file final_21.txt (compact mmCIF, C-alpha atoms)
# COMPACT_ATOMS: atom_id res chain seq x y z
CA MET I 3 1.58 23.71 -4.59
CA LYS I 4 -1.67 22.99 -2.78
CA LEU I 5 -2.27 20.09 -0.42
CA TYR I 6 -5.77 18.81 0.19
CA GLY I 7 -5.68 17.04 3.55
CA PHE I 8 -7.22 16.61 6.96
CA PHE I 9 -5.48 17.16 10.27
CA ARG I 10 -6.22 13.61 11.44
CA SER I 11 -5.40 11.77 8.20
CA SER I 12 -2.15 9.89 8.62
CA ALA I 13 -1.71 9.71 4.83
CA ALA I 14 -1.87 13.52 4.64
CA PHE I 15 0.46 13.67 7.67
CA ARG I 16 3.06 11.70 5.66
CA VAL I 17 3.01 14.27 2.87
CA ARG I 18 3.19 17.15 5.36
CA ILE I 19 6.36 15.61 6.82
CA ALA I 20 7.90 15.11 3.38
CA LEU I 21 7.18 18.73 2.45
CA GLY I 22 8.77 19.85 5.71
CA LEU I 23 11.90 17.74 5.23
CA LYS I 24 12.26 19.18 1.72
CA ARG I 25 11.67 22.72 3.08
CA LEU I 26 8.74 23.13 0.71
CA THR I 27 5.49 24.85 1.47
CA ALA I 28 2.04 24.09 0.10
CA ASP I 29 -1.26 25.86 0.72
CA GLN I 30 -3.24 23.53 2.92
CA ILE I 31 -6.88 22.98 1.99
CA PRO I 32 -8.82 21.02 4.62
CA VAL I 33 -11.19 18.26 3.49
CA HIS I 34 -13.33 17.39 6.50
CA LEU I 35 -13.50 13.59 6.48
CA ARG I 36 -15.99 13.35 9.34
CA LYS I 37 -18.36 15.64 7.42
CA ASP I 38 -17.90 13.57 4.22
CA HIS I 39 -16.41 16.49 2.29
CA GLN I 40 -14.22 13.94 0.47
CA ARG I 41 -17.40 12.73 -1.28
CA ALA I 42 -18.20 16.16 -2.72
CA PRO I 43 -18.23 16.08 -6.56
CA ASP I 44 -15.55 18.75 -6.90
CA TYR I 45 -13.20 16.80 -4.65
CA LEU I 46 -13.96 13.49 -6.38
CA ALA I 47 -13.00 15.14 -9.66
CA LEU I 48 -9.53 15.68 -8.19
CA ASN I 49 -9.31 12.37 -6.34
CA PRO I 50 -11.77 9.71 -7.60
CA LEU I 51 -11.27 7.53 -4.53
CA GLY I 52 -12.44 10.30 -2.25
CA LEU I 53 -9.36 9.98 -0.07
CA VAL I 54 -6.86 12.53 1.16
CA PRO I 55 -4.22 13.68 0.43
CA THR I 56 -4.21 15.18 -3.04
CA LEU I 57 -1.26 17.33 -4.02
CA ILE I 58 -1.87 19.93 -6.72
CA GLU I 59 1.32 20.83 -8.54
CA ASP I 60 1.94 24.39 -9.71
CA ASP I 61 0.84 23.45 -13.25
CA GLY I 62 -2.47 22.10 -11.89
CA THR I 63 -1.65 18.39 -12.06
CA ALA I 64 -3.47 16.51 -9.29
CA LEU I 65 -1.43 13.75 -7.64
CA ALA I 66 -3.05 11.07 -5.47
CA GLN I 67 -1.81 8.41 -3.04
CA SER I 68 0.61 9.52 -0.34
CA LEU I 69 3.49 7.15 -1.16
CA ALA I 70 3.34 8.11 -4.83
CA ILE I 71 3.34 11.79 -3.81
CA VAL I 72 6.33 11.39 -1.49
CA GLU I 73 8.33 9.57 -4.18
CA TYR I 74 7.33 12.29 -6.67
CA LEU I 75 8.58 15.00 -4.32
CA ASP I 76 11.81 13.05 -3.87
CA GLU I 77 12.31 12.72 -7.62
CA THR I 78 11.55 16.35 -8.41
CA ARG I 79 13.21 17.96 -5.36
CA PRO I 80 16.10 15.58 -4.60
CA GLU I 81 17.55 17.29 -1.51
CA PRO I 82 17.55 16.00 1.14
CA PRO I 83 16.92 12.50 -0.24
CA LEU I 84 14.11 10.46 1.32
CA LEU I 85 15.38 7.17 -0.12
CA PRO I 86 18.94 5.81 -0.15
CA ARG I 87 20.71 5.22 -3.46
CA GLU I 88 21.59 1.52 -3.16
CA PRO I 89 18.80 -0.71 -4.55
CA LYS I 90 18.64 -3.21 -1.65
CA ALA I 91 18.55 -0.37 0.87
CA ARG I 92 15.80 1.31 -1.18
CA ALA I 93 13.81 -1.94 -1.20
CA HIS I 94 14.23 -2.25 2.57
CA VAL I 95 13.00 1.30 3.19
CA ARG I 96 10.07 0.83 0.82
CA ALA I 97 9.16 -2.48 2.46
CA LEU I 98 9.09 -0.82 5.90
CA ALA I 99 6.95 2.00 4.51
CA GLN I 100 4.60 -0.54 2.96
CA VAL I 101 4.22 -2.48 6.20
CA VAL I 102 2.49 0.66 7.43
CA ALA I 103 0.89 1.82 4.18
CA CYS I 104 -0.30 -1.59 2.89
CA GLU I 105 -0.71 -3.73 6.03
CA ILE I 106 -1.83 -1.42 8.85
CA HIS I 107 -3.29 1.86 7.69
CA PRO I 108 -5.69 0.56 4.98
CA LEU I 109 -7.40 -1.60 7.59
CA ASN I 110 -7.80 1.20 10.10
CA ASN I 111 -8.85 4.23 8.13
CA LEU I 112 -12.16 5.93 8.69
CA ARG I 113 -14.11 4.40 5.81
CA VAL I 114 -13.22 0.89 6.99
CA LEU I 115 -14.08 1.56 10.63
CA ASN I 116 -17.39 3.04 9.46
CA TYR I 117 -18.11 -0.10 7.43
CA LEU I 118 -17.53 -2.20 10.56
CA ARG I 119 -19.88 0.05 12.52
CA ARG I 120 -22.62 0.68 9.97
CA ASP I 121 -22.69 -2.38 7.71
CA LEU I 122 -21.43 -5.09 10.07
CA LYS I 123 -23.14 -3.56 13.14
CA GLN I 124 -20.04 -4.02 15.24
CA PRO I 125 -19.94 -2.44 18.72
CA GLU I 126 -17.20 0.05 19.51
CA THR I 127 -15.29 -2.55 21.56
CA ALA I 128 -15.00 -4.79 18.49
CA VAL I 129 -13.92 -1.83 16.33
CA GLU I 130 -11.20 -0.96 18.86
CA ALA I 131 -10.04 -4.56 19.03
CA TRP I 132 -9.80 -4.63 15.22
CA TYR I 133 -7.82 -1.38 15.23
CA ALA I 134 -5.42 -2.62 17.89
CA HIS I 135 -5.01 -6.03 16.22
CA TRP I 136 -3.71 -4.67 12.92
CA ILE I 137 -1.41 -2.18 14.61
CA ALA I 138 0.06 -4.90 16.83
CA THR I 139 0.51 -7.30 13.90
CA GLY I 140 2.17 -4.64 11.77
CA PHE I 141 4.32 -3.09 14.50
CA GLU I 142 5.59 -6.52 15.54
CA ALA I 143 6.83 -7.09 11.98
CA PHE I 144 8.18 -3.54 11.66
CA GLU I 145 10.16 -3.99 14.89
CA ALA I 146 11.59 -7.31 13.65
CA MET I 147 12.51 -5.83 10.26
CA LEU I 148 14.21 -2.69 11.58
CA ASP I 149 17.55 -4.28 12.35
CA ARG I 150 17.73 -6.57 9.33
CA ARG I 151 20.20 -4.21 7.70
CA PRO I 152 23.41 -3.77 9.67
CA GLY I 153 24.60 -0.37 10.82
CA ARG I 154 21.25 1.27 11.42
CA GLY I 155 21.38 4.74 12.90
CA ARG I 156 18.81 6.74 14.88
CA PHE I 157 16.17 6.45 12.18
CA CYS I 158 14.75 3.49 10.24
CA LEU I 159 17.74 3.24 7.91
CA ASP I 160 20.57 5.47 9.09
CA ASP I 161 21.04 8.86 10.70
CA ALA I 162 18.78 10.75 8.29
CA PRO I 163 14.99 10.39 8.19
CA GLY I 164 13.30 9.07 5.08
CA LEU I 165 10.27 7.35 3.61
CA ALA I 166 9.97 4.65 6.29
CA ASP I 167 10.13 7.22 9.11
CA ILE I 168 7.56 9.33 7.25
CA CYS I 169 5.14 6.39 7.35
CA LEU I 170 5.96 5.22 10.86
CA VAL I 171 5.39 8.45 12.78
CA PRO I 172 1.74 9.07 11.76
CA GLN I 173 0.96 5.43 12.49
CA VAL I 174 2.35 5.80 16.03
CA PHE I 175 0.18 8.90 16.47
CA ASN I 176 -2.84 6.80 15.48
CA ALA I 177 -1.85 4.05 17.90
CA LYS I 178 -1.56 6.54 20.75
CA ARG I 179 -5.22 7.51 20.36
CA TYR I 180 -6.17 4.05 21.59
CA PRO I 181 -5.05 2.04 24.62
CA ILE I 182 -2.50 0.11 22.60
CA PRO I 183 0.68 -0.92 24.44
CA LEU I 184 3.76 0.40 22.67
CA SER I 185 6.40 -0.97 25.04
CA PRO I 186 6.74 -4.20 22.97
CA TYR I 187 8.29 -2.09 20.20
CA PRO I 188 11.29 -0.31 21.78
CA LYS I 189 13.30 0.14 18.56
CA LEU I 190 10.35 1.50 16.62
CA MET I 191 9.49 3.86 19.48
CA ALA I 192 13.10 5.07 19.70
CA VAL I 193 12.88 5.97 16.00
CA PHE I 194 9.59 7.75 16.67
CA GLU I 195 11.14 9.78 19.49
CA ALA I 196 14.14 10.70 17.32
CA CYS I 197 11.83 11.84 14.52
CA MET I 198 9.71 13.98 16.82
CA LYS I 199 12.78 16.05 17.75
CA LEU I 200 12.91 17.27 14.16
CA PRO I 201 10.87 20.36 13.22
CA ALA I 202 9.50 18.76 10.02
CA PHE I 203 7.85 15.95 12.00
CA ASP I 204 6.78 18.15 14.89
CA ALA I 205 5.13 20.80 12.70
CA ALA I 206 3.24 18.17 10.67
CA GLN I 207 1.42 16.60 13.62
CA PRO I 208 -2.39 16.80 13.75
CA SER I 209 -2.64 19.23 16.67
CA LYS I 210 -0.53 21.82 14.82
CA GLN I 211 -2.69 21.92 11.69
CA PRO I 212 -5.01 24.86 10.92
CA ASP I 213 -8.07 22.57 10.74
CA PHE I 214 -7.31 20.78 14.05
CA GLU I 215 -10.27 19.98 16.26
CA PRO I 216 -9.65 18.61 19.76
CA MET H 20 16.81 -15.83 -7.21
CA LYS H 21 14.15 -17.64 -5.23
CA LEU H 22 10.54 -16.54 -4.89
CA TYR H 23 8.45 -17.65 -1.92
CA GLY H 24 4.83 -17.39 -3.01
CA PHE H 25 1.47 -19.06 -3.28
CA PHE H 26 -0.46 -19.69 -6.46
CA ARG H 27 -3.50 -17.76 -5.21
CA SER H 28 -1.66 -14.77 -3.68
CA SER H 29 -2.18 -11.73 -5.84
CA ALA H 30 0.88 -10.05 -4.31
CA ALA H 31 3.04 -13.03 -5.41
CA PHE H 32 1.27 -12.93 -8.80
CA ARG H 33 2.49 -9.32 -9.23
CA VAL H 34 6.10 -10.37 -8.74
CA ARG H 35 5.70 -13.35 -11.07
CA ILE H 36 4.49 -10.96 -13.81
CA ALA H 37 7.39 -8.58 -13.21
CA LEU H 38 9.91 -11.42 -13.42
CA GLY H 39 8.28 -12.56 -16.66
CA LEU H 40 8.33 -9.09 -18.22
CA LYS H 41 12.02 -8.80 -17.31
CA ARG H 42 12.67 -12.32 -18.70
CA LEU H 43 14.05 -13.38 -15.34
CA THR H 44 13.55 -16.71 -13.69
CA ALA H 45 13.36 -17.50 -9.99
CA ASP H 46 12.98 -20.84 -8.26
CA GLN H 47 9.45 -20.87 -6.91
CA ILE H 48 8.97 -22.09 -3.35
CA PRO H 49 5.32 -22.51 -2.38
CA VAL H 50 4.15 -21.26 1.03
CA HIS H 51 0.71 -22.77 1.59
CA LEU H 52 -1.34 -19.92 3.05
CA ARG H 53 -4.40 -22.06 3.76
CA LYS H 54 -2.25 -24.43 5.80
CA ASP H 55 -0.66 -21.49 7.70
CA HIS H 56 2.84 -22.27 6.42
CA GLN H 57 3.49 -18.53 6.42
CA ARG H 58 3.44 -18.69 10.24
CA ALA H 59 6.24 -21.29 10.39
CA PRO H 60 9.27 -19.92 12.28
CA ASP H 61 11.66 -20.42 9.38
CA TYR H 62 9.40 -18.42 7.07
CA LEU H 63 8.82 -15.67 9.66
CA ALA H 64 12.59 -15.33 9.91
CA LEU H 65 12.59 -14.37 6.22
CA ASN H 66 9.38 -12.33 6.30
CA PRO H 67 8.34 -11.19 9.79
CA LEU H 68 4.82 -10.28 8.66
CA GLY H 69 4.17 -13.84 7.55
CA LEU H 70 3.04 -12.69 4.13
CA VAL H 71 4.03 -13.71 0.64
CA PRO H 72 5.91 -12.94 -1.53
CA THR H 73 9.52 -12.92 -0.38
CA LEU H 74 12.22 -12.64 -3.02
CA ILE H 75 15.63 -14.04 -2.12
CA GLU H 76 18.39 -12.40 -4.11
CA ASP H 77 21.39 -14.41 -5.28
CA ASP H 78 23.46 -13.06 -2.36
CA GLY H 79 20.81 -14.26 0.12
CA THR H 80 19.14 -10.91 0.82
CA ALA H 81 15.45 -11.39 1.59
CA LEU H 82 13.15 -8.74 0.11
CA ALA H 83 9.56 -8.27 1.28
CA GLN H 84 6.49 -6.41 0.01
CA SER H 85 5.53 -6.89 -3.61
CA LEU H 86 5.65 -3.24 -4.72
CA ALA H 87 9.08 -2.81 -3.15
CA ILE H 88 10.24 -5.98 -4.91
CA VAL H 89 8.91 -4.87 -8.31
CA GLU H 90 10.61 -1.47 -7.99
CA TYR H 91 13.82 -3.25 -6.92
CA LEU H 92 13.70 -5.48 -9.99
CA ASP H 93 13.11 -2.40 -12.14
CA GLU H 94 16.08 -0.58 -10.62
CA THR H 95 18.49 -3.52 -10.86
CA ARG H 96 17.30 -4.92 -14.22
CA PRO H 97 16.15 -1.80 -16.10
CA GLU H 98 14.95 -3.41 -19.35
CA PRO H 99 12.12 -3.32 -20.19
CA PRO H 100 11.20 -0.48 -17.81
CA LEU H 101 8.13 -0.95 -15.61
CA LEU H 102 7.85 2.74 -14.79
CA PRO H 103 8.04 5.73 -17.16
CA ARG H 104 10.85 8.27 -16.78
CA GLU H 105 8.85 11.48 -16.38
CA PRO H 106 8.05 12.18 -12.70
CA LYS H 107 4.34 13.03 -13.12
CA ALA H 108 3.81 9.93 -15.24
CA ARG H 109 5.65 7.86 -12.62
CA ALA H 110 3.44 9.32 -9.87
CA HIS H 111 0.34 8.48 -11.93
CA VAL H 112 1.43 4.87 -12.46
CA ARG H 113 2.35 4.47 -8.79
CA ALA H 114 -0.99 5.97 -7.72
CA LEU H 115 -2.89 3.47 -9.89
CA ALA H 116 -0.80 0.63 -8.47
CA GLN H 117 -1.50 1.87 -4.95
CA VAL H 118 -5.25 2.05 -5.54
CA VAL H 119 -4.99 -1.73 -5.82
CA ALA H 120 -2.16 -2.36 -3.36
CA CYS H 121 -3.25 0.07 -0.62
CA GLU H 122 -7.02 0.42 -1.06
CA ILE H 123 -8.35 -2.93 -2.31
CA HIS H 124 -6.02 -5.83 -1.71
CA PRO H 125 -5.14 -5.20 1.99
CA LEU H 126 -8.83 -5.35 2.85
CA ASN H 127 -9.46 -8.58 0.99
CA ASN H 128 -6.51 -10.80 1.75
CA LEU H 129 -6.88 -14.09 3.54
CA ARG H 130 -5.89 -12.95 7.05
CA VAL H 131 -8.49 -10.18 6.97
CA LEU H 132 -11.28 -12.42 5.67
CA ASN H 133 -10.38 -14.92 8.38
CA TYR H 134 -10.62 -12.18 11.03
CA LEU H 135 -14.12 -11.34 9.78
CA ARG H 136 -15.08 -15.02 9.96
CA ARG H 137 -13.37 -16.10 13.18
CA ASP H 138 -13.22 -12.98 15.36
CA LEU H 139 -16.25 -11.03 14.15
CA LYS H 140 -18.34 -14.19 13.52
CA GLN H 141 -19.50 -12.91 10.16
CA PRO H 142 -21.42 -15.27 7.87
CA GLU H 143 -20.03 -16.00 4.40
CA THR H 144 -22.60 -13.67 2.79
CA ALA H 145 -21.25 -10.73 4.81
CA VAL H 146 -17.65 -11.69 3.96
CA GLU H 147 -18.53 -11.77 0.25
CA ALA H 148 -20.31 -8.43 0.47
CA TRP H 149 -17.21 -6.95 2.15
CA TYR H 150 -14.98 -8.38 -0.58
CA ALA H 151 -17.18 -7.05 -3.37
CA HIS H 152 -17.56 -3.63 -1.71
CA TRP H 153 -13.84 -2.84 -1.63
CA ILE H 154 -13.28 -4.11 -5.16
CA ALA H 155 -16.16 -1.99 -6.48
CA THR H 156 -14.97 1.11 -4.59
CA GLY H 157 -11.40 0.68 -5.83
CA PHE H 158 -12.23 -0.29 -9.41
CA GLU H 159 -14.58 2.67 -9.76
CA ALA H 160 -11.71 5.00 -8.85
CA PHE H 161 -9.20 3.10 -11.00
CA GLU H 162 -11.55 3.38 -13.99
CA ALA H 163 -11.96 7.14 -13.40
CA MET H 164 -8.21 7.65 -13.03
CA LEU H 165 -7.16 5.69 -16.13
CA ASP H 166 -7.78 8.45 -18.63
CA ARG H 167 -6.53 11.35 -16.54
CA ARG H 168 -3.33 11.41 -18.53
CA PRO H 169 -3.86 12.14 -22.22
CA GLY H 170 -2.65 9.75 -24.89
CA ARG H 171 -3.11 6.49 -23.06
CA GLY H 172 -2.41 3.36 -25.07
CA ARG H 173 -3.58 -0.24 -24.66
CA PHE H 174 -2.23 -0.50 -21.12
CA CYS H 175 -2.62 1.68 -18.04
CA LEU H 176 -0.12 4.29 -19.22
CA ASP H 177 0.84 3.68 -22.84
CA ASP H 178 1.49 0.76 -25.17
CA ALA H 179 3.86 -1.07 -22.85
CA PRO H 180 2.79 -2.79 -19.62
CA GLY H 181 4.16 -1.59 -16.29
CA LEU H 182 3.65 -1.39 -12.54
CA ALA H 183 -0.03 -0.41 -12.68
CA ASP H 184 -0.89 -3.27 -15.06
CA ILE H 185 1.08 -5.63 -12.81
CA CYS H 186 -1.18 -4.69 -9.90
CA LEU H 187 -4.43 -4.56 -11.85
CA VAL H 188 -4.38 -8.01 -13.43
CA PRO H 189 -4.16 -10.10 -10.22
CA GLN H 190 -6.90 -7.96 -8.68
CA VAL H 191 -9.20 -8.73 -11.64
CA PHE H 192 -8.43 -12.43 -11.17
CA ASN H 193 -9.53 -12.08 -7.54
CA ALA H 194 -12.70 -10.26 -8.55
CA LYS H 195 -13.58 -13.03 -11.02
CA ARG H 196 -13.69 -15.59 -8.22
CA TYR H 197 -16.78 -13.86 -6.85
CA PRO H 198 -20.02 -12.75 -8.50
CA ILE H 199 -18.76 -9.20 -8.93
CA PRO H 200 -20.00 -7.35 -12.04
CA LEU H 201 -17.07 -6.10 -14.12
CA SER H 202 -19.06 -4.44 -16.92
CA PRO H 203 -19.04 -1.05 -15.08
CA TYR H 204 -15.28 -0.91 -15.72
CA PRO H 205 -14.84 -1.21 -19.51
CA LYS H 206 -11.50 0.64 -19.72
CA LEU H 207 -9.96 -1.32 -16.88
CA MET H 208 -11.19 -4.59 -18.38
CA ALA H 209 -9.81 -3.68 -21.82
CA VAL H 210 -6.40 -3.20 -20.16
CA PHE H 211 -6.82 -6.56 -18.44
CA GLU H 212 -7.60 -8.28 -21.76
CA ALA H 213 -4.62 -6.62 -23.45
CA CYS H 214 -2.33 -7.78 -20.63
CA MET H 215 -3.57 -11.36 -20.76
CA LYS H 216 -2.44 -11.62 -24.37
CA LEU H 217 1.15 -11.27 -23.18
CA PRO H 218 3.05 -14.42 -22.16
CA ALA H 219 4.41 -12.81 -18.95
CA PHE H 220 0.89 -12.21 -17.61
CA ASP H 221 -0.52 -15.49 -18.91
CA ALA H 222 2.23 -17.65 -17.44
CA ALA H 223 1.98 -15.93 -14.03
CA GLN H 224 -1.70 -16.72 -13.45
CA PRO H 225 -2.67 -18.96 -10.53
CA SER H 226 -3.79 -21.99 -12.57
CA LYS H 227 -0.37 -22.21 -14.26
CA GLN H 228 1.66 -22.37 -11.03
CA PRO H 229 3.26 -25.60 -9.81
CA ASP H 230 1.39 -25.42 -6.48
CA PHE H 231 -2.02 -24.76 -8.06
CA GLU H 232 -4.99 -26.49 -6.47
CA PRO H 233 -8.41 -26.31 -8.17
call {"tool": "encode", "arguments": {"input": "final_21.txt", "output": "structure tokens"}}
result
Amino acid sequence: MKLYGFFRSSAAFRVRIALGLKRLTADQIPVHLRKDHQRAPDYLALNPLGLVPTLIEDDGTALAQSLAIVEYLDETRPEPPLLPREPKARAHVRALAQVVACEIHPLNNLRVLNYLRRDLKQPETAVEAWYAHWIATGFEAFEAMLDRRPGRGRFCLDDAPGLADICLVPQVFNAKRYPIPLSPYPKLMAVFEACMKLPAFDAAQPSKQPDFEP
Amino acid sequence: MKLYGFFRSSAAFRVRIALGLKRLTADQIPVHLRKDHQRAPDYLALNPLGLVPTLIEDDGTALAQSLAIVEYLDETRPEPPLLPREPKARAHVRALAQVVACEIHPLNNLRVLNYLRRDLKQPETAVEAWYAHWIATGFEAFEAMLDRRPGRGRFCLDDAPGLADICLVPQVFNAKRYPIPLSPYPKLMAVFEACMKLPAFDAAQPSKQPDFEP
């Protein structure tokens, strides 16, 4: 497999974690988002939205959208599972993942911040306030939702990491780049700390990628 | 089952379509988003993000996030299926759904437009340009992705509607409320027209909901 990504992309980070948890390797191909390499015609042919990640399967099939890719990996390489088996538990884990993937991250990715800067002529203070606002709104809900299912373990669902943890950790990394208080979210941060003790999460972080730039 | 929704919410619209395709009924409970009823404490207890929809299962379990709810319905009431069985086809359908649910809709929902108006003091022309920009960007990619799998039928995947169609149709309804040209997306619009011939899609549209306001 090949993974088109970018060290800083939290969507690519999710797939890197999933690959690590499954003990799979993929050749990493950097797509430099700050140099607009995602708009190059050959990349757009693989991923018409011009977003990372794209996973290329061994038969050449190009797969887009990080949550779809993680579910695909889980369906084709079932061990260890990234989703529980019971439908209500699955829905809970997916809902947590989507709080990050549908309610926080889409508002804070680079193309949106650039629209605020370039098209809406917003100063950097307003862009940072926007960034912090959607993280706070989303993390507040994530924190409230975490204990809705009884018997939670160290991670979002139980004592094994899965799809919700895979989405949470990159979002916390993004939050830490800005002066965003994280103390209001002690449960979420405890999950983050538990995840970061695992090699799959640690090795997937931006600073450990081959294309990392300080 | 009970479904907390709002006639205009495209995320609630998705779940209404899924229920219709599965021939399920749910008591509809309106949550008036323009009157901020989603911020009422009793609703936040069900859905900490203050978003619709929330599906209440017969045993009282509250399920959030429309894509998680649709997959839950598909797992617990398998007929007719809303996702194909083959993993690459599933990933393709989920990716199409996520182009709408992760790349268009989160940027255009009411709380975001209100942030542009209230916090960033943007005039209505700038808000409309923002709205149109993210629809155009997403629809362009959706259109390009539709025929990536050979042998497509009348709908996004084949000749039966599923998760991608469920996400596409409400997004087209949203686009039609603004002067957004849809002729650049002939394949996507042909899928939309095919869907709207089906009772499950027709009955789920905003103007046919009990809480509809012109």
call {"tool": "residues_around", "arguments": {"input": "final_21.txt", "residues": "stretch 29-40 of chain H", "least_positions_apart": "3", "cutoff": "7 Å", "atoms": "all atoms listed in the file", "output": "PyMOL selection string"}}
result
chain H and resi 24-25+43-44+71-72+85+89+185-186+189-190+219-220+223-224
call {"tool": "residues_near_point", "arguments": {"input": "final_21.txt", "point": "(3.4, -17.2, 6.7)", "cutoff": "12 Å", "atoms": "all atoms listed in the file", "output": "ChimeraX atom specification"}}
result
/I:143 /H:23-25,28,49-73,129-130
call {"tool": "residues_around", "arguments": {"input": "final_21.txt", "residues": "stretch 92-108 of chain H", "least_positions_apart": "2", "cutoff": "10 Å", "atoms": "only C-alpha atoms", "output": "NGL selection string"}}
result
(:I and (59 or 63-65 or 70-71 or 73-78 or 88-90 or 92-93)) or (:H and (34 or 37-38 or 40-43 or 86-90 or 110-114 or 168 or 176-177 or 179-185))
call {"tool": "closest_residue", "arguments": {"input": "final_21.txt", "among": "I:Ala192, I:Leu148, I:Ile31, I:Met3", "to": "I:Pro212", "atoms": "only C-alpha atoms"}}
result
I:Ile31
call {"tool": "closest_residue", "arguments": {"input": "final_21.txt", "among": "H:Arg196, H:Arg171, H:Arg136, H:Lys21", "to": "chain I", "atoms": "all atoms listed in the file"}}
result
H:Arg136
call {"tool": "atom_distance", "arguments": {"input": "final_21.txt", "atom1": "atom CA of I:Leu118", "atom2": "atom CA of H:Ala116"}}
result
25.5 Å
call {"tool": "atom_distance", "arguments": {"input": "final_21.txt", "atom1": "atom CA of H:Val210", "atom2": "atom CA of H:Ile123"}}
result
18.0 Å
call {"tool": "axis_aligned_box", "arguments": {"input": "final_21.txt", "around": "stretch 146-161 of chain I", "padding_each_side": "3 Å", "output": "AutoDock Vina command-line options"}}
result
--center_x 18.1 --center_y 0.8 --center_z 11.3 --size_x 19.0 --size_y 22.2 --size_z 13.2
call {"tool": "atom_distance", "arguments": {"input": "final_21.txt", "atom1": "atom CA of H:Leu115", "atom2": "atom CA of I:Ala66"}}
result
8.8 Å
call {"tool": "closest_residue", "arguments": {"input": "final_21.txt", "among": "I:Asn176, I:Gln67, I:Ser209, I:Asn116", "to": "chain H", "atoms": "only C-alpha atoms"}}
result
I:Gln67
call {"tool": "closest_residue", "arguments": {"input": "final_21.txt", "among": "I:Leu5, I:Met198, I:Ala205, I:Leu109", "to": "chain H", "atoms": "only C-alpha atoms"}}
result
I:Leu109
call {"tool": "closest_residue", "arguments": {"input": "final_21.txt", "among": "I:Asp61, I:Asp29, I:Asp149, I:Glu105", "to": "chain H", "atoms": "only C-alpha atoms"}}
result
I:Glu105
call {"tool": "residues_around", "arguments": {"input": "final_21.txt", "residues": "H:Cys121", "least_positions_apart": "2", "cutoff": "8 Å", "atoms": "only C-alpha atoms", "output": "list in words"}}
result
Ala103, Cys104 and Pro108 of chain I; Gln117, Val118, Val119, Ile123, His124 and Pro125 of chain H
call {"tool": "closest_residue", "arguments": {"input": "final_21.txt", "among": "H:Leu217, H:Ala45, H:Ala145, H:Leu132", "to": "chain I", "atoms": "all atoms listed in the file"}}
result
H:Ala145
